[in-house]
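Engineer: Enclosed is the structure file work11.pdb (PDB, C-alpha atoms).
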```pdb
ATOM      1  CA  MET A  10      17.001 -12.989 -11.947  1.00  0.00           C
ATOM      2  CA  PRO A  11      17.309 -15.459  -9.047  1.00  0.00           C
ATOM      3  CA  ASN A  12      18.256 -12.829  -6.405  1.00  0.00           C
ATOM      4  CA  LEU A  13      15.240 -10.587  -7.058  1.00  0.00           C
ATOM      5  CA  SER A  14      11.884 -11.053  -5.378  1.00  0.00           C
ATOM      6  CA  SER A  15       9.117 -12.490  -7.546  1.00  0.00           C
ATOM      7  CA  LEU A  16       7.127  -9.244  -7.281  1.00  0.00           C
ATOM      8  CA  LEU A  17      10.107  -7.214  -8.504  1.00  0.00           C
ATOM      9  CA  GLN A  18      10.658  -9.673 -11.364  1.00  0.00           C
ATOM     10  CA  ALA A  19       7.002  -9.348 -12.422  1.00  0.00           C
ATOM     11  CA  PHE A  20       7.255  -5.547 -12.228  1.00  0.00           C
ATOM     12  CA  ILE A  21      10.387  -5.457 -14.406  1.00  0.00           C
ATOM     13  CA  VAL A  22       8.821  -7.826 -16.953  1.00  0.00           C
ATOM     14  CA  GLY A  23       5.688  -5.632 -17.066  1.00  0.00           C
ATOM     15  CA  ILE A  24       7.707  -2.451 -17.604  1.00  0.00           C
ATOM     16  CA  ILE A  25       9.755  -4.091 -20.370  1.00  0.00           C
ATOM     17  CA  TYR A  26       6.536  -5.330 -22.008  1.00  0.00           C
ATOM     18  CA  TRP A  27       5.024  -1.835 -22.154  1.00  0.00           C
ATOM     19  CA  ILE A  28       8.268  -0.253 -23.377  1.00  0.00           C
ATOM     20  CA  VAL A  29       8.624  -2.830 -26.163  1.00  0.00           C
ATOM     21  CA  LEU A  30       4.952  -2.348 -27.087  1.00  0.00           C
ATOM     22  CA  ALA A  31       5.312   1.458 -27.242  1.00  0.00           C
ATOM     23  CA  VAL A  32       8.545   1.325 -29.249  1.00  0.00           C
ATOM     24  CA  GLY A  33       7.039  -1.268 -31.598  1.00  0.00           C
ATOM     25  CA  LEU A  34       3.970   0.919 -32.139  1.00  0.00           C
ATOM     26  CA  MET A  35       6.213   3.902 -32.919  1.00  0.00           C
ATOM     27  CA  ILE A  36       8.206   1.843 -35.445  1.00  0.00           C
ATOM     28  CA  VAL A  37       5.044   0.587 -37.152  1.00  0.00           C
ATOM     29  CA  LEU A  38       3.557   4.099 -37.343  1.00  0.00           C
ATOM     30  CA  SER A  39       6.835   5.482 -38.682  1.00  0.00           C
ATOM     31  CA  ALA A  40       7.047   2.687 -41.283  1.00  0.00           C
ATOM     32  CA  LEU A  41       3.517   3.556 -42.415  1.00  0.00           C
ATOM     33  CA  GLY A  42       4.648   7.122 -43.054  1.00  0.00           C
ATOM     34  CA  VAL A  43       2.956   8.713 -40.028  1.00  0.00           C
ATOM     35  CA  ASP A  44       4.888  11.662 -38.579  1.00  0.00           C
ATOM     36  CA  ILE A  45       5.464  10.616 -34.955  1.00  0.00           C
ATOM     37  CA  THR A  46       7.164  13.839 -33.807  1.00  0.00           C
ATOM     38  CA  PRO A  47       3.920  15.339 -32.424  1.00  0.00           C
ATOM     39  CA  LEU A  48       3.244  12.019 -30.703  1.00  0.00           C
ATOM     40  CA  PHE A  49       6.605  12.259 -28.894  1.00  0.00           C
ATOM     41  CA  ALA A  50       5.762  15.808 -27.786  1.00  0.00           C
ATOM     42  CA  LEU A  51       2.335  14.665 -26.568  1.00  0.00           C
ATOM     43  CA  ILE A  52       3.802  11.720 -24.660  1.00  0.00           C
ATOM     44  CA  GLY A  53       6.497  13.957 -23.125  1.00  0.00           C
ATOM     45  CA  GLY A  54       3.982  16.564 -21.974  1.00  0.00           C
ATOM     46  CA  ALA A  55       1.591  13.947 -20.638  1.00  0.00           C
ATOM     47  CA  SER A  56       4.471  12.260 -18.778  1.00  0.00           C
ATOM     48  CA  ILE A  57       5.415  15.496 -17.007  1.00  0.00           C
ATOM     49  CA  ILE A  58       1.804  16.170 -15.995  1.00  0.00           C
ATOM     50  CA  ALA A  59       1.348  12.572 -14.820  1.00  0.00           C
ATOM     51  CA  ALA A  60       4.615  12.672 -12.840  1.00  0.00           C
ATOM     52  CA  PHE A  61       3.516  15.789 -10.928  1.00  0.00           C
ATOM     53  CA  ALA A  62       0.037  14.395 -10.331  1.00  0.00           C
ATOM     54  CA  MET A  63       1.366  11.056  -9.091  1.00  0.00           C
ATOM     55  CA  GLN A  64       4.332  12.339  -7.094  1.00  0.00           C
ATOM     56  CA  ASP A  65       3.424  10.440  -3.886  1.00  0.00           C
ATOM     57  CA  THR A  66       2.594   7.273  -5.797  1.00  0.00           C
ATOM     58  CA  LEU A  67       5.883   7.435  -7.691  1.00  0.00           C
ATOM     59  CA  SER A  68       7.703   8.001  -4.396  1.00  0.00           C
ATOM     60  CA  ASN A  69       6.027   4.873  -2.975  1.00  0.00           C
ATOM     61  CA  LEU A  70       6.922   2.988  -6.143  1.00  0.00           C
ATOM     62  CA  ALA A  71      10.599   3.995  -5.976  1.00  0.00           C
ATOM     63  CA  SER A  72      10.733   3.158  -2.258  1.00  0.00           C
ATOM     64  CA  GLY A  73       9.087  -0.214  -2.939  1.00  0.00           C
ATOM     65  CA  LEU A  74      11.717  -1.008  -5.542  1.00  0.00           C
ATOM     66  CA  LEU A  75      14.492  -0.084  -3.095  1.00  0.00           C
ATOM     67  CA  ILE A  76      12.925  -2.271  -0.380  1.00  0.00           C
ATOM     68  CA  MET A  77      12.735  -5.200  -2.799  1.00  0.00           C
ATOM     69  CA  ILE A  78      16.304  -4.704  -4.028  1.00  0.00           C
ATOM     70  CA  TYR A  79      18.040  -4.137  -0.664  1.00  0.00           C
ATOM     71  CA  ARG A  80      15.705  -6.388   1.399  1.00  0.00           C
ATOM     72  CA  PRO A  81      16.005  -4.841   4.858  1.00  0.00           C
ATOM     73  CA  PHE A  82      13.302  -7.330   5.891  1.00  0.00           C
ATOM     74  CA  ASP A  83      11.294 -10.238   4.497  1.00  0.00           C
ATOM     75  CA  GLU A  84       7.748 -11.415   4.984  1.00  0.00           C
ATOM     76  CA  GLY A  85       7.426 -12.964   8.441  1.00  0.00           C
ATOM     77  CA  ASP A  86      10.100 -10.741  10.043  1.00  0.00           C
ATOM     78  CA  TYR A  87       9.266  -8.695  13.133  1.00  0.00           C
ATOM     79  CA  VAL A  88      10.110  -5.060  12.401  1.00  0.00           C
ATOM     80  CA  ASP A  89       9.871  -1.591  13.899  1.00  0.00           C
ATOM     81  CA  THR A  90       9.588   1.190  11.346  1.00  0.00           C
ATOM     82  CA  GLY A  91       8.143   4.639  11.689  1.00  0.00           C
ATOM     83  CA  GLY A  92       6.699   3.844  15.110  1.00  0.00           C
ATOM     84  CA  VAL A  93       4.905   0.703  13.893  1.00  0.00           C
ATOM     85  CA  ASN A  94       5.936  -2.629  15.434  1.00  0.00           C
ATOM     86  CA  GLY A  95       4.790  -5.959  14.067  1.00  0.00           C
ATOM     87  CA  THR A  96       5.251  -8.911  11.772  1.00  0.00           C
ATOM     88  CA  VAL A  97       5.564  -8.161   8.065  1.00  0.00           C
ATOM     89  CA  LYS A  98       2.624  -9.819   6.342  1.00  0.00           C
ATOM     90  CA  SER A  99       3.351  -8.669   2.799  1.00  0.00           C
ATOM     91  CA  VAL A 100       5.401  -6.237   0.757  1.00  0.00           C
ATOM     92  CA  ASN A 101       4.207  -4.967  -2.598  1.00  0.00           C
ATOM     93  CA  ILE A 102       5.382  -2.249  -4.923  1.00  0.00           C
ATOM     94  CA  VAL A 103       3.610   0.627  -3.099  1.00  0.00           C
ATOM     95  CA  ALA A 104       2.922  -0.532   0.474  1.00  0.00           C
ATOM     96  CA  THR A 105       4.040  -2.843   3.268  1.00  0.00           C
ATOM     97  CA  THR A 106       1.454  -4.629   5.420  1.00  0.00           C
ATOM     98  CA  VAL A 107       2.345  -5.240   9.076  1.00  0.00           C
ATOM     99  CA  VAL A 108       0.346  -7.179  11.689  1.00  0.00           C
ATOM    100  CA  THR A 109       0.844  -5.760  15.200  1.00  0.00           C
ATOM    101  CA  PRO A 110       1.052  -7.911  18.357  1.00  0.00           C
ATOM    102  CA  ASP A 111      -2.573  -6.967  19.156  1.00  0.00           C
ATOM    103  CA  ASN A 112      -3.583  -8.279  15.685  1.00  0.00           C
ATOM    104  CA  LYS A 113      -4.156  -4.940  13.963  1.00  0.00           C
ATOM    105  CA  VAL A 114      -3.353  -4.946  10.250  1.00  0.00           C
ATOM    106  CA  ILE A 115      -1.511  -1.759   9.286  1.00  0.00           C
ATOM    107  CA  VAL A 116      -0.737  -0.809   5.687  1.00  0.00           C
ATOM    108  CA  ILE A 117       2.260   1.536   5.515  1.00  0.00           C
ATOM    109  CA  PRO A 118       3.144   3.400   2.302  1.00  0.00           C
ATOM    110  CA  ASN A 119       6.634   2.329   1.234  1.00  0.00           C
ATOM    111  CA  LYS A 120       7.939   5.917   1.216  1.00  0.00           C
ATOM    112  CA  ASN A 121       7.194   6.003   4.977  1.00  0.00           C
ATOM    113  CA  VAL A 122       8.968   2.666   5.497  1.00  0.00           C
ATOM    114  CA  TRP A 123      12.064   3.544   3.436  1.00  0.00           C
ATOM    115  CA  GLY A 124      12.166   7.108   4.796  1.00  0.00           C
ATOM    116  CA  ASN A 125      12.354   5.976   8.442  1.00  0.00           C
ATOM    117  CA  ILE A 126      14.709   3.856  10.494  1.00  0.00           C
ATOM    118  CA  ILE A 127      13.976   0.155   9.957  1.00  0.00           C
ATOM    119  CA  THR A 128      14.733  -2.145  12.885  1.00  0.00           C
ATOM    120  CA  ASN A 129      14.528  -5.827  11.946  1.00  0.00           C
ATOM    121  CA  VAL A 130      14.234  -7.635  15.272  1.00  0.00           C
ATOM    122  CA  THR A 131      14.373 -11.128  13.735  1.00  0.00           C
ATOM    123  CA  ALA A 132      17.444 -10.491  11.547  1.00  0.00           C
ATOM    124  CA  SER A 133      19.730 -11.924  14.237  1.00  0.00           C
ATOM    125  CA  ASP A 134      19.427 -15.321  15.903  1.00  0.00           C
ATOM    126  CA  THR A 135      20.290 -13.884  19.316  1.00  0.00           C
ATOM    127  CA  ARG A 136      19.497 -10.657  21.115  1.00  0.00           C
ATOM    128  CA  ARG A 137      19.881  -9.102  24.521  1.00  0.00           C
ATOM    129  CA  VAL A 138      16.901  -8.811  26.846  1.00  0.00           C
ATOM    130  CA  ASP A 139      16.883  -6.297  29.695  1.00  0.00           C
ATOM    131  CA  LEU A 140      14.525  -6.978  32.585  1.00  0.00           C
ATOM    132  CA  VAL A 141      13.835  -4.749  35.588  1.00  0.00           C
ATOM    133  CA  PHE A 142      12.693  -6.261  38.882  1.00  0.00           C
ATOM    134  CA  GLY A 143      11.553  -4.464  41.993  1.00  0.00           C
ATOM    135  CA  ILE A 144      11.984  -5.713  45.534  1.00  0.00           C
ATOM    136  CA  SER A 145      10.809  -4.423  48.884  1.00  0.00           C
ATOM    137  CA  TYR A 146      13.006  -2.090  50.934  1.00  0.00           C
ATOM    138  CA  ASP A 147      12.935  -4.768  53.642  1.00  0.00           C
ATOM    139  CA  ASP A 148      14.323  -7.502  51.324  1.00  0.00           C
ATOM    140  CA  SER A 149      17.979  -8.502  51.189  1.00  0.00           C
ATOM    141  CA  ILE A 150      19.705  -7.221  48.033  1.00  0.00           C
ATOM    142  CA  PRO A 151      22.399  -9.960  48.057  1.00  0.00           C
ATOM    143  CA  GLN A 152      19.664 -12.604  48.413  1.00  0.00           C
ATOM    144  CA  ALA A 153      17.704 -11.089  45.486  1.00  0.00           C
ATOM    145  CA  VAL A 154      20.852 -11.061  43.314  1.00  0.00           C
ATOM    146  CA  LYS A 155      21.535 -14.702  44.254  1.00  0.00           C
ATOM    147  CA  ILE A 156      17.990 -15.745  43.296  1.00  0.00           C
ATOM    148  CA  LEU A 157      18.248 -13.937  39.961  1.00  0.00           C
ATOM    149  CA  GLU A 158      21.653 -15.508  39.212  1.00  0.00           C
ATOM    150  CA  GLU A 159      20.252 -18.979  39.930  1.00  0.00           C
ATOM    151  CA  ALA A 160      17.228 -18.336  37.691  1.00  0.00           C
ATOM    152  CA  VAL A 161      19.427 -17.082  34.849  1.00  0.00           C
ATOM    153  CA  GLN A 162      21.844 -20.022  35.126  1.00  0.00           C
ATOM    154  CA  ALA A 163      18.988 -22.533  35.196  1.00  0.00           C
ATOM    155  CA  HIS A 164      17.224 -21.175  32.114  1.00  0.00           C
ATOM    156  CA  PRO A 165      18.132 -23.180  28.982  1.00  0.00           C
ATOM    157  CA  LEU A 166      17.874 -20.249  26.533  1.00  0.00           C
ATOM    158  CA  VAL A 167      20.279 -17.936  28.364  1.00  0.00           C
ATOM    159  CA  LEU A 168      23.611 -17.776  26.542  1.00  0.00           C
ATOM    160  CA  LYS A 169      26.859 -18.453  28.380  1.00  0.00           C
ATOM    161  CA  GLU A 170      28.710 -16.034  26.083  1.00  0.00           C
ATOM    162  CA  PRO A 171      28.324 -13.116  26.547  1.00  0.00           C
ATOM    163  CA  GLU A 172      27.849 -13.761  30.220  1.00  0.00           C
ATOM    164  CA  PRO A 173      24.574 -12.496  31.746  1.00  0.00           C
ATOM    165  CA  THR A 174      24.883  -9.385  33.918  1.00  0.00           C
ATOM    166  CA  ILE A 175      22.831  -8.592  37.005  1.00  0.00           C
ATOM    167  CA  ARG A 176      23.044  -5.032  38.305  1.00  0.00           C
ATOM    168  CA  VAL A 177      21.535  -3.402  41.341  1.00  0.00           C
TER     169      VAL A 177
END
```
Would you mind giving the structure from this file in structure tokens?

Structural biologist:
Amino acid sequence: MPNLSSLLQAFIVGIIYWIVLAVGLMIVLSALGVDITPLFALIGGASIIAAFAMQDTLSNLASGLLIMIYRPFDEGDYVDTGGVNGTVKSVNIVATTVVTPDNKVIVIPNKNVWGNIITNVTASDTRRVDLVFGISYDDSIPQAVKILEEAVQAHPLVLKEPEPTIRV
């Protein structure tokens, strides 16, 4: 499973372990002559009750699995999701931890992450930056444009393609 995250791999291995253990127990009990039909009914009823009681948790779990499978972001990426902006510190099966620019640690349930628009700012190597500058009514607009063009052309991180645009 090289394409899956280590947390997802551990989760799948854990689920398989418990399924094999339960099936093995059922086989052993059946081989010993124990009628396991009531046990199936008990497990089925308990599963329905548990599913209703843990509806939000199961929603977070399913969303966590989808995040780990589709990988809209990785740890260390700067994201905006559900109104929270920051660097992803960790992703686990039920929650995503984000550190905001003012160093607040926010834990977001995965159903809130997956259920909202996810903007991964660091997914692309380049991005556009819009800046707004104000000048005095007494200043020359052509002179201000000339100064801005010179500053943009002199900056080493400004891309030549697409060409920078200065608008008044």

Engineer: List the residues selected by the PyMOL selection byres ((chain A and resi 103-113) around 10) in the file shown, writing them as a PyMOL selection string.

Structural biologist: chain A and resi 65-74+76+84-90+93-102+114-122

Engineer: If the PyMOL selection byres ((chain A and resi 136) around 12) is run on the structure shown, which residues does it catch, given as JSON, numbers by chain?

Structural biologist: {"A": [129, 130, 131, 132, 133, 134, 135, 137, 138, 139, 166, 167, 168, 170, 171, 173]}

Engineer: Under the rule that only C-alpha atoms are counted, which of A:Val177, A:Phe61, A:Gln162, A:Ile126 is the nearest residue to Ser149 of chain A?

Structural biologist: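 Using only C-alpha atoms, the shortest distance to Ser149 of chain A belongs to A:Val177.
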
Engineer: Using atom CA of Met35 of chain A and atom CA of Phe49 of chain A as the two end points, give the distance in Å to one decimal.

Structural biologist: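 Pair atom CA of Met35 of chain A / atom CA of Phe49 of chain A returns 9.3 Å.
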
Engineer: Grab the atom CA of Thr128 of chain A to atom CA of Leu17 of chain A distance for me, in Å with one decimal place.

Structural biologist: 22.5 Å

Engineer: Could you tell me how far atom CA of Ile127 of chain A lies from atom CA of Arg80 of chain A, in Å and to one decimal?

Structural biologist: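 Taking atom CA of Ile127 of chain A and atom CA of Arg80 of chain A, their separation equals 10.9 Å.
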